[in-house]
Structure formats: structure tokens, C-alpha cells
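Asks: Supplied structure: coords-v4.pdb, PDB, C-alpha atoms, pLDDT in the B column.
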ATOM      1  CA  MET E 269       0.000   0.000   0.000  1.00 94.00           C
ATOM      2  CA  GLU E 270       1.120   3.586  -0.573  1.00 95.00           C
ATOM      3  CA  TYR E 271       1.524   5.862   2.472  1.00 97.00           C
ATOM      4  CA  THR E 272       1.962   9.617   2.551  1.00 96.00           C
ATOM      5  CA  PHE E 273       3.616  11.139   5.609  1.00 98.00           C
ATOM      6  CA  THR E 274       5.909  13.987   6.620  1.00 98.00           C
ATOM      7  CA  LEU E 275       8.845  13.988   9.023  1.00 98.00           C
ATOM      8  CA  LYS E 276       9.972  17.351  10.430  1.00 97.00           C
ATOM      9  CA  TYR E 277      13.335  17.865  12.111  1.00 95.00           C
ATOM     10  CA  GLN E 278      14.962  20.701  14.050  1.00 92.00           C
ATOM     11  CA  LEU E 279      18.616  20.692  13.016  1.00 89.00           C
ATOM     12  CA  SER E 280      21.078  21.127  15.863  1.00 82.00           C
ATOM     13  CA  GLU E 281      23.716  22.539  13.511  1.00 71.00           C
ATOM     14  CA  SER E 282      23.076  25.404  11.146  1.00 65.00           C
ATOM     15  CA  THR E 283      26.187  24.516   9.152  1.00 63.00           C
ATOM     16  CA  TYR E 284      24.508  21.924   6.921  1.00 74.00           C
ATOM     17  CA  ASP E 285      25.029  22.641   3.240  1.00 84.00           C
ATOM     18  CA  SER E 286      21.578  22.284   1.655  1.00 88.00           C
ATOM     19  CA  ASP E 287      22.669  20.622  -1.581  1.00 91.00           C
ATOM     20  CA  GLU E 288      25.003  18.237   0.231  1.00 92.00           C
ATOM     21  CA  LEU E 289      22.304  17.334   2.778  1.00 93.00           C
ATOM     22  CA  ILE E 290      19.753  16.605   0.048  1.00 94.00           C
ATOM     23  CA  ALA E 291      22.284  14.455  -1.835  1.00 95.00           C
ATOM     24  CA  LYS E 292      23.161  12.475   1.306  1.00 95.00           C
ATOM     25  CA  LEU E 293      19.472  11.915   2.103  1.00 97.00           C
ATOM     26  CA  ALA E 294      18.856  10.638  -1.435  1.00 97.00           C
ATOM     27  CA  GLN E 295      21.848   8.274  -1.133  1.00 97.00           C
ATOM     28  CA  ALA E 296      20.451   7.009   2.193  1.00 97.00           C
ATOM     29  CA  GLY E 297      17.200   5.980   0.471  1.00 97.00           C
ATOM     30  CA  CYS E 298      15.078   9.113   0.875  1.00 97.00           C
ATOM     31  CA  ASP E 299      14.893   9.696  -2.871  1.00 96.00           C
ATOM     32  CA  ASP E 300      11.098   9.299  -2.616  1.00 96.00           C
ATOM     33  CA  ALA E 301      10.814  12.410  -0.414  1.00 97.00           C
ATOM     34  CA  LEU E 302      10.035  16.000  -1.264  1.00 97.00           C
ATOM     35  CA  ILE E 303      12.488  17.947   0.906  1.00 96.00           C
ATOM     36  CA  GLY E 304      11.719  21.379   2.321  1.00 95.00           C
ATOM     37  CA  LEU E 305      14.370  23.657   3.803  1.00 92.00           C
ATOM     38  CA  GLY E 306      12.341  26.886   3.868  1.00 89.00           C
ATOM     39  CA  ILE E 307      12.724  27.545   7.599  1.00 89.00           C
ATOM     40  CA  PRO E 308      16.306  28.069   8.773  1.00 88.00           C
ATOM     41  CA  GLY E 309      17.465  25.244  11.028  1.00 89.00           C
ATOM     42  CA  ARG E 310      14.619  22.923  10.033  1.00 93.00           C
ATOM     43  CA  ILE E 311      14.020  20.276   7.429  1.00 95.00           C
ATOM     44  CA  ALA E 312      10.781  18.599   6.392  1.00 97.00           C
ATOM     45  CA  LEU E 313      10.599  15.476   4.275  1.00 98.00           C
ATOM     46  CA  GLU E 314       7.283  14.526   2.697  1.00 98.00           C
ATOM     47  CA  PHE E 315       7.246  10.896   1.615  1.00 98.00           C
ATOM     48  CA  ILE E 316       4.983   8.896  -0.640  1.00 97.00           C
ATOM     49  CA  ARG E 317       6.236   5.418   0.114  1.00 97.00           C
ATOM     50  CA  GLU E 318       5.098   1.937  -0.843  1.00 96.00           C
ATOM     51  CA  SER E 319       5.225  -0.491   2.080  1.00 97.00           C
ATOM     52  CA  ASP E 320       3.416  -3.337   3.807  1.00 97.00           C
ATOM     53  CA  SER E 321       2.404  -1.037   6.685  1.00 97.00           C
ATOM     54  CA  ALA E 322       2.505   2.614   7.681  1.00 97.00           C
ATOM     55  CA  LYS E 323       4.681   1.754  10.666  1.00 98.00           C
ATOM     56  CA  GLN E 324       7.206   0.012   8.466  1.00 98.00           C
ATOM     57  CA  ALA E 325       7.253   2.909   5.969  1.00 98.00           C
ATOM     58  CA  ILE E 326       7.702   5.585   8.642  1.00 98.00           C
ATOM     59  CA  ASP E 327      10.211   3.604  10.724  1.00 98.00           C
ATOM     60  CA  GLU E 328      12.285   2.881   7.616  1.00 98.00           C
ATOM     61  CA  ALA E 329      12.300   6.570   6.633  1.00 98.00           C
ATOM     62  CA  ILE E 330      13.337   7.642  10.146  1.00 97.00           C
ATOM     63  CA  GLN E 331      16.125   5.048  10.103  1.00 97.00           C
ATOM     64  CA  GLN E 332      17.361   6.249   6.697  1.00 98.00           C
ATOM     65  CA  ILE E 333      17.364   9.878   7.861  1.00 97.00           C
ATOM     66  CA  SER E 334      19.240   8.927  11.039  1.00 96.00           C
ATOM     67  CA  THR E 335      22.156   7.640   8.936  1.00 96.00           C
ATOM     68  CA  VAL E 336      22.572  11.210   7.651  1.00 95.00           C
ATOM     69  CA  LEU E 337      21.403  13.090  10.758  1.00 94.00           C
ATOM     70  CA  PRO E 338      22.374  10.702  13.593  1.00 92.00           C
ATOM     71  CA  ASP E 339      21.819  13.216  16.408  1.00 88.00           C
ATOM     72  CA  GLU E 340      18.401  14.432  15.239  1.00 90.00           C
ATOM     73  CA  ARG E 341      14.905  13.189  16.096  1.00 88.00           C
ATOM     74  CA  PRO E 342      11.728  14.212  14.297  1.00 93.00           C
ATOM     75  CA  PHE E 343       9.874  16.865  16.276  1.00 93.00           C
ATOM     76  CA  GLU E 344       6.657  16.210  14.368  1.00 96.00           C
ATOM     77  CA  VAL E 345       5.324  13.374  12.248  1.00 97.00           C
ATOM     78  CA  SER E 346       2.314  13.993  10.027  1.00 96.00           C
ATOM     79  CA  PRO E 347      -0.493  13.276   9.392  1.00 97.00           C
ATOM     80  CA  ASP E 348      -1.454  13.933  12.980  1.00 97.00           C
ATOM     81  CA  TYR E 349      -2.387  17.484  13.955  1.00 96.00           C
ATOM     82  CA  VAL E 350      -5.171  18.838  11.733  1.00 97.00           C
ATOM     83  CA  GLY E 351      -7.678  21.653  11.564  1.00 96.00           C
ATOM     84  CA  LEU E 352     -11.201  21.424  10.215  1.00 96.00           C
ATOM     85  CA  THR E 353     -10.032  22.585   6.783  1.00 96.00           C
ATOM     86  CA  ASP E 354      -7.533  19.722   6.609  1.00 96.00           C
ATOM     87  CA  VAL E 355     -10.206  17.158   7.463  1.00 96.00           C
ATOM     88  CA  ALA E 356     -12.691  18.749   5.057  1.00 96.00           C
ATOM     89  CA  ASP E 357     -10.164  18.558   2.214  1.00 95.00           C
ATOM     90  CA  LEU E 358      -9.415  14.932   3.061  1.00 94.00           C
ATOM     91  CA  ILE E 359     -13.052  13.782   2.981  1.00 93.00           C
ATOM     92  CA  GLY E 360     -14.164  16.063   0.145  1.00 93.00           C
ATOM     93  CA  VAL E 361     -16.454  18.536   1.886  1.00 94.00           C
ATOM     94  CA  THR E 362     -16.200  22.254   2.599  1.00 96.00           C
ATOM     95  CA  ARG E 363     -14.758  23.637   5.808  1.00 96.00           C
ATOM     96  CA  GLN E 364     -18.184  25.086   6.597  1.00 97.00           C
ATOM     97  CA  ASN E 365     -19.755  21.651   6.189  1.00 95.00           C
ATOM     98  CA  MET E 366     -17.151  20.159   8.518  1.00 95.00           C
ATOM     99  CA  ARG E 367     -17.778  22.892  11.101  1.00 95.00           C
ATOM    100  CA  LYS E 368     -21.554  22.312  10.937  1.00 96.00           C
ATOM    101  CA  LEU E 369     -20.948  18.599  11.424  1.00 94.00           C
ATOM    102  CA  MET E 370     -18.751  19.280  14.466  1.00 95.00           C
ATOM    103  CA  LEU E 371     -21.291  21.682  16.002  1.00 96.00           C
ATOM    104  CA  ALA E 372     -24.276  19.443  15.293  1.00 96.00           C
ATOM    105  CA  HIS E 373     -22.544  16.526  17.019  1.00 95.00           C
ATOM    106  CA  HIS E 374     -20.726  18.438  19.746  1.00 94.00           C
ATOM    107  CA  LEU E 375     -21.401  15.714  22.322  1.00 96.00           C
ATOM    108  CA  THR E 376     -19.628  12.989  20.348  1.00 96.00           C
ATOM    109  CA  PHE E 377     -17.184  14.875  18.118  1.00 96.00           C
ATOM    110  CA  PRO E 378     -13.597  14.421  19.399  1.00 97.00           C
ATOM    111  CA  ALA E 379     -12.273  17.112  21.697  1.00 96.00           C
ATOM    112  CA  PRO E 380      -9.530  19.238  20.140  1.00 96.00           C
ATOM    113  CA  VAL E 381      -5.913  18.933  21.195  1.00 95.00           C
ATOM    114  CA  HIS E 382      -5.811  22.728  21.250  1.00 94.00           C
ATOM    115  CA  GLU E 383      -8.641  25.206  21.102  1.00 92.00           C
ATOM    116  CA  GLY E 384      -7.954  28.888  20.684  1.00 88.00           C
ATOM    117  CA  LYS E 385      -7.723  31.230  17.748  1.00 89.00           C
ATOM    118  CA  ALA E 386      -7.099  28.073  15.749  1.00 90.00           C
ATOM    119  CA  ALA E 387      -8.257  24.668  16.956  1.00 93.00           C
ATOM    120  CA  PHE E 388      -6.678  21.399  15.956  1.00 95.00           C
ATOM    121  CA  TRP E 389      -7.285  17.710  16.531  1.00 97.00           C
ATOM    122  CA  HIS E 390      -5.460  14.425  16.186  1.00 97.00           C
ATOM    123  CA  LEU E 391      -6.418  13.180  12.733  1.00 97.00           C
ATOM    124  CA  THR E 392      -6.880   9.602  13.900  1.00 96.00           C
ATOM    125  CA  ASP E 393      -9.546  10.727  16.430  1.00 97.00           C
ATOM    126  CA  VAL E 394     -11.551  12.596  13.803  1.00 97.00           C
ATOM    127  CA  LEU E 395     -11.226   9.824  11.206  1.00 96.00           C
ATOM    128  CA  SER E 396     -12.348   7.213  13.739  1.00 94.00           C
ATOM    129  CA  TRP E 397     -15.362   9.361  14.552  1.00 95.00           C
ATOM    130  CA  LEU E 398     -16.160   9.828  10.848  1.00 95.00           C
ATOM    131  CA  GLU E 399     -15.675   6.117  10.228  1.00 92.00           C
ATOM    132  CA  GLY E 400     -18.231   5.398  12.953  1.00 90.00           C
ATOM    133  CA  ARG E 401     -20.734   7.561  11.094  1.00 88.00           C
ATOM    134  CA  GLY E 402     -20.188   5.364   8.024  1.00 81.00           C
ATOM    135  CA  SER E 403     -20.897   7.928   5.325  1.00 82.00           C
ATOM    136  CA  TYR E 404     -17.473   9.482   4.683  1.00 88.00           C
ATOM    137  CA  GLN E 405     -14.644   8.206   2.524  1.00 87.00           C
ATOM    138  CA  PHE E 406     -10.957   8.997   2.883  1.00 88.00           C
ATOM    139  CA  PRO E 407      -7.892   7.637   1.099  1.00 88.00           C
ATOM    140  CA  ALA E 408      -6.690   4.166   2.051  1.00 86.00           C
ATOM    141  CA  GLY E 409      -3.790   4.173   4.454  1.00 94.00           C
ATOM    142  CA  VAL E 410      -4.462   7.621   5.916  1.00 96.00           C
ATOM    143  CA  GLN E 411      -5.972   6.291   9.153  1.00 95.00           C
ATOM    144  CA  GLU E 412      -3.108   3.841   9.606  1.00 96.00           C
ATOM    145  CA  ALA E 413      -0.467   6.536   8.945  1.00 97.00           C
ATOM    146  CA  ALA E 414      -2.272   8.923  11.327  1.00 97.00           C
ATOM    147  CA  LYS E 415      -2.190   6.325  14.120  1.00 97.00           C
ATOM    148  CA  VAL E 416       1.537   5.739  13.660  1.00 97.00           C
ATOM    149  CA  ALA E 417       2.225   9.500  13.497  1.00 97.00           C
ATOM    150  CA  LEU E 418       0.236  10.066  16.705  1.00 97.00           C
ATOM    151  CA  SER E 419       2.112   7.321  18.552  1.00 96.00           C
ATOM    152  CA  ILE E 420       5.518   8.707  17.491  1.00 96.00           C
ATOM    153  CA  ASN E 421       4.528  12.277  18.399  1.00 95.00           C
ATOM    154  CA  LEU E 422       3.282  11.174  21.824  1.00 94.00           C
ATOM    155  CA  LEU E 423       6.454   9.171  22.435  1.00 93.00           C
ATOM    156  CA  ASN E 424       8.624  12.142  21.447  1.00 89.00           C
ATOM    157  CA  GLN E 425       6.682  14.443  23.791  1.00 88.00           C
ATOM    158  CA  THR E 426       7.024  11.947  26.631  1.00 90.00           C
ATOM    159  CA  LEU E 427      10.777  11.619  26.058  1.00 86.00           C
ATOM    160  CA  ARG E 428      11.143  15.378  25.870  1.00 82.00           C
ATOM    161  CA  TYR E 429       9.494  15.916  29.243  1.00 83.00           C
ATOM    162  CA  GLN E 430      11.422  13.054  30.858  1.00 83.00           C
ATOM    163  CA  GLN E 431      14.677  14.758  29.850  1.00 76.00           C
ATOM    164  CA  GLU E 432      13.756  18.046  31.524  1.00 66.00           C
TER     165      GLU E 432
END
Write out the structure in this file as C-alpha cells.
Replies:
Amino acid sequence: MEYTFTLKYQLSESTYDSDELIAKLAQAGCDDALIGLGIPGRIALEFIRESDSAKQAIDEAIQQISTVLPDERPFEVSPDYVGLTDVADLIGVTRQNMRKLMLAHHLTFPAPVHEGKAAFWHLTDVLSWLEGRGSYQFPAGVQEAAKVALSINLLNQTLRYQQE
């Protein structure tokens, strides 16, 4: 199955040469990634990877990146954190339709991870809720990738707070 996911890293050194880093990542097996270096000191790799499972695809990508960036850990794995617009785009409805759905089912709709000027949810929670309603379609593999991304993000947060 094909899985789409993104791995975002904070680079501890700002001395990485962009072209050299991209070449090393490609040599390590990340030639199926779209690489973004738009924010100084950060790198994002968006993969579309064929694999037997989302966990295998994501773990393999992290392992390949670690051969080039051995001291770095992803600070965010996607798909995980989403807004209503993201979910609406995924299931093929408007943001307004998604908001109406959330408000109409406020007792059962998943609670957001953060609610403020912008609210966001864990994608796996919203997809599970939509799946339970039975009338919405989303691409194969998205729910599986979202579950793996959530578990990695939670583990990283736990490790971060244990180190403090």
C-alpha cells in the first residue's frame, strides 16, 4: 500500500550545506521524499512510500534519515495534527460543512488537542469518529499513517518531558 507522511526535524547545527544534505538523504534511500528547507534550522521530508504497513514505511524513513542526521529526532510526524479545513479537504467537503458537522454533534465529536484562535485535533480521532458515522470516505492508508504518526509524536513528547 502507498503511504503519505511527513517527518519534520529541528537541526542542531546550522552549518549543513543544503545541496550536500539533500544528496546524502537521497543516497540514504530518501529519494522518494520532497524535501523542504524553507525555515532556517529545520528540514521537512514529505514521503509517498510503498510499504506493507505505515509503521514500516515511517520507521524505515526515520532510520534512513538517522544515517545522515544521527543526532536528530523528528519533532513532528504527520499526518497527525489537523484543523477542520484539513479534514474537510481529506473527505471532500467544505470547511463550513465540517464545522456544521462538528457543532451538530458536539457531544460525540472528538475534543480538540488545542482550542484557541485556531483549533486542531489528532487526525486519527476525527477519522475514527467519521468512520463510525459510516458515510465518509478517505484515502486508504491515511488512518493507519495517522495512528503511527500520533504514537511517534506522543512518544517524542514523553521523552522530551522526561529529559527536563
Asks: Using the chain letters and numbers from this file, what does the PyMOL selection byres ((chain E and resi 316) around 6) select? Give the answer as an MDAnalysis selection string.
Replies: chainID E and resid 271:272 315 317
Asks: Using only C-alpha atoms, which protein or nucleic acid residues come within 10 Å of Lys292 in chain E? Drop anything in the same chain fewer than 5 positions from it, and give the result as a ChimeraX atom specification.
Replies: /E:286-287,297-299,333,335-337
Asks: So what do you get for CA of Leu289 in chain E versus CA of Ile311 in chain E, distance-wise?
Replies: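 Atom-to-atom, CA of Leu289 in chain E to CA of Ile311 in chain E, that is 9.9 Å.
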Asks: For Ser346 in chain E, which of E:Val381, E:Leu305, E:Leu398, E:Ala322 is the closest residue, counting only C-alpha atoms?
Replies: E:Ala322
Asks: Ranking E:Ser321, E:Lys276, E:Val350, E:Pro378 by minimum distance to Gly306 in chain E and counting all atoms listed in the file, which one comes first?
Replies: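 Nearest candidate to Gly306 in chain E out of E:Ser321, E:Lys276, E:Val350, E:Pro378: E:Lys276.
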Asks: For the file shown, what are the residues hit by the PyMOL selection byres ((chain E and resi 412) around 12), laid out as a PyMOL selection string?
Replies: chain E and resi 269-273+320-326+346-348+391-393+395-396+406-411+413-419
Asks: What does the distance between CA of Asp354 in chain E and CA of Val394 in chain E come to in Å, to one decimal place?
Replies: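 Interatomic distance, CA of Asp354 in chain E to CA of Val394 in chain E: 10.9 Å.
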Asks: Pull out every residue that the PyMOL selection byres ((chain E and resi 404) around 12) matches in the shown coordinates and put them as a count of residues only.
Replies: 22
Asks: What is the CA of Phe343 in chain E-CA of Glu328 in chain E distance in Å, reported with one decimal?
Replies: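 Separation of CA of Phe343 in chain E and CA of Glu328 in chain E: 16.6 Å.
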Asks: With distances taken over all atoms listed in the file, which of E:Leu375, E:Val345, E:Ile307, E:Leu352 is nearest to Leu422 in chain E?
Replies: E:Val345
Asks: Around range 296-313 of chain E, with edges along x, y and z and 3 Å added on all six sides, what centre and edge lengths do you get, in Å to one decimal, as AutoDock Vina command-line options?
Replies:
--center_x 15.2 --center_y 17.0 --center_z 4.1 --size_x 16.4 --size_y 28.1 --size_z 19.9
Asks: When distances are computed from all atoms listed in the file, which of E:Pro342, E:Gly351, E:Pro308, E:Gly384 shows the smallest separation from Leu275 in chain E?
Replies: E:Pro342
Asks: Which residue gives the smallest distance to Ala329 in chain E among E:Gln430, E:Thr362, E:Ala294, E:Tyr284, with only C-alpha atoms counted?
Replies: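 When distances to Ala329 in chain E are compared using only C-alpha atoms, the smallest one comes from E:Ala294.
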Asks: Determine the nearest neighbour of Pro338 in chain E from the options E:Ala372, E:Ala301, E:Ala312, E:Leu279, counting only C-alpha atoms.
Replies: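 Result for the nearest residue to Pro338 in chain E: E:Leu279.
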Asks: Kindly add N, CA and C atoms to the incomplete range 349-365 of chain E and provide the output as a PDB file, in the coordinates of the input.
Replies:
ATOM      1  N   TYR E 349      -1.661  16.286  13.537  1.00 96.00           N
ATOM      2  CA  TYR E 349      -2.387  17.484  13.955  1.00 96.00           C
ATOM      3  C   TYR E 349      -3.083  18.116  12.753  1.00 96.00           C
ATOM      4  N   VAL E 350      -4.403  18.292  12.857  1.00 97.00           N
ATOM      5  CA  VAL E 350      -5.171  18.838  11.733  1.00 97.00           C
ATOM      6  C   VAL E 350      -6.218  19.827  12.228  1.00 97.00           C
ATOM      7  N   GLY E 351      -6.555  20.748  11.342  1.00 96.00           N
ATOM      8  CA  GLY E 351      -7.678  21.653  11.564  1.00 96.00           C
ATOM      9  C   GLY E 351      -8.878  21.151  10.779  1.00 96.00           C
ATOM     10  N   LEU E 352      -9.980  21.836  10.925  1.00 96.00           N
ATOM     11  CA  LEU E 352     -11.201  21.424  10.215  1.00 96.00           C
ATOM     12  C   LEU E 352     -11.020  21.487   8.701  1.00 96.00           C
ATOM     13  N   THR E 353     -10.264  22.467   8.225  1.00 96.00           N
ATOM     14  CA  THR E 353     -10.032  22.585   6.783  1.00 96.00           C
ATOM     15  C   THR E 353      -9.284  21.369   6.259  1.00 96.00           C
ATOM     16  N   ASP E 354      -8.292  20.903   7.019  1.00 96.00           N
ATOM     17  CA  ASP E 354      -7.533  19.722   6.609  1.00 96.00           C
ATOM     18  C   ASP E 354      -8.439  18.497   6.488  1.00 96.00           C
ATOM     19  N   VAL E 355      -9.296  18.312   7.475  1.00 96.00           N
ATOM     20  CA  VAL E 355     -10.206  17.158   7.463  1.00 96.00           C
ATOM     21  C   VAL E 355     -11.204  17.303   6.319  1.00 96.00           C
ATOM     22  N   ALA E 356     -11.734  18.504   6.137  1.00 96.00           N
ATOM     23  CA  ALA E 356     -12.691  18.749   5.057  1.00 96.00           C
ATOM     24  C   ALA E 356     -12.080  18.412   3.699  1.00 96.00           C
ATOM     25  N   ASP E 357     -10.845  18.862   3.476  1.00 95.00           N
ATOM     26  CA  ASP E 357     -10.164  18.558   2.214  1.00 95.00           C
ATOM     27  C   ASP E 357      -9.982  17.052   2.039  1.00 95.00           C
ATOM     28  N   LEU E 358      -9.661  16.371   3.103  1.00 94.00           N
ATOM     29  CA  LEU E 358      -9.415  14.932   3.061  1.00 94.00           C
ATOM     30  C   LEU E 358     -10.671  14.138   2.698  1.00 94.00           C
ATOM     31  N   ILE E 359     -11.821  14.554   3.233  1.00 93.00           N
ATOM     32  CA  ILE E 359     -13.052  13.782   2.981  1.00 93.00           C
ATOM     33  C   ILE E 359     -13.913  14.378   1.869  1.00 93.00           C
ATOM     34  N   GLY E 360     -13.471  15.503   1.299  1.00 93.00           N
ATOM     35  CA  GLY E 360     -14.164  16.063   0.145  1.00 93.00           C
ATOM     36  C   GLY E 360     -15.401  16.887   0.450  1.00 93.00           C
ATOM     37  N   VAL E 361     -15.365  17.619   1.562  1.00 94.00           N
ATOM     38  CA  VAL E 361     -16.454  18.536   1.886  1.00 94.00           C
ATOM     39  C   VAL E 361     -15.850  19.918   2.135  1.00 94.00           C
ATOM     40  N   THR E 362     -16.699  20.913   2.306  1.00 96.00           N
ATOM     41  CA  THR E 362     -16.200  22.254   2.599  1.00 96.00           C
ATOM     42  C   THR E 362     -15.869  22.374   4.079  1.00 96.00           C
ATOM     43  N   ARG E 363     -15.083  23.382   4.407  1.00 96.00           N
ATOM     44  CA  ARG E 363     -14.758  23.637   5.808  1.00 96.00           C
ATOM     45  C   ARG E 363     -16.032  23.965   6.578  1.00 96.00           C
ATOM     46  N   GLN E 364     -16.924  24.726   5.960  1.00 97.00           N
ATOM     47  CA  GLN E 364     -18.184  25.086   6.597  1.00 97.00           C
ATOM     48  C   GLN E 364     -19.017  23.843   6.902  1.00 97.00           C
ATOM     49  N   ASN E 365     -19.026  22.899   5.967  1.00 95.00           N
ATOM     50  CA  ASN E 365     -19.755  21.651   6.189  1.00 95.00           C
ATOM     51  C   ASN E 365     -19.157  20.879   7.355  1.00 95.00           C
TER      52      ASN E 365
END
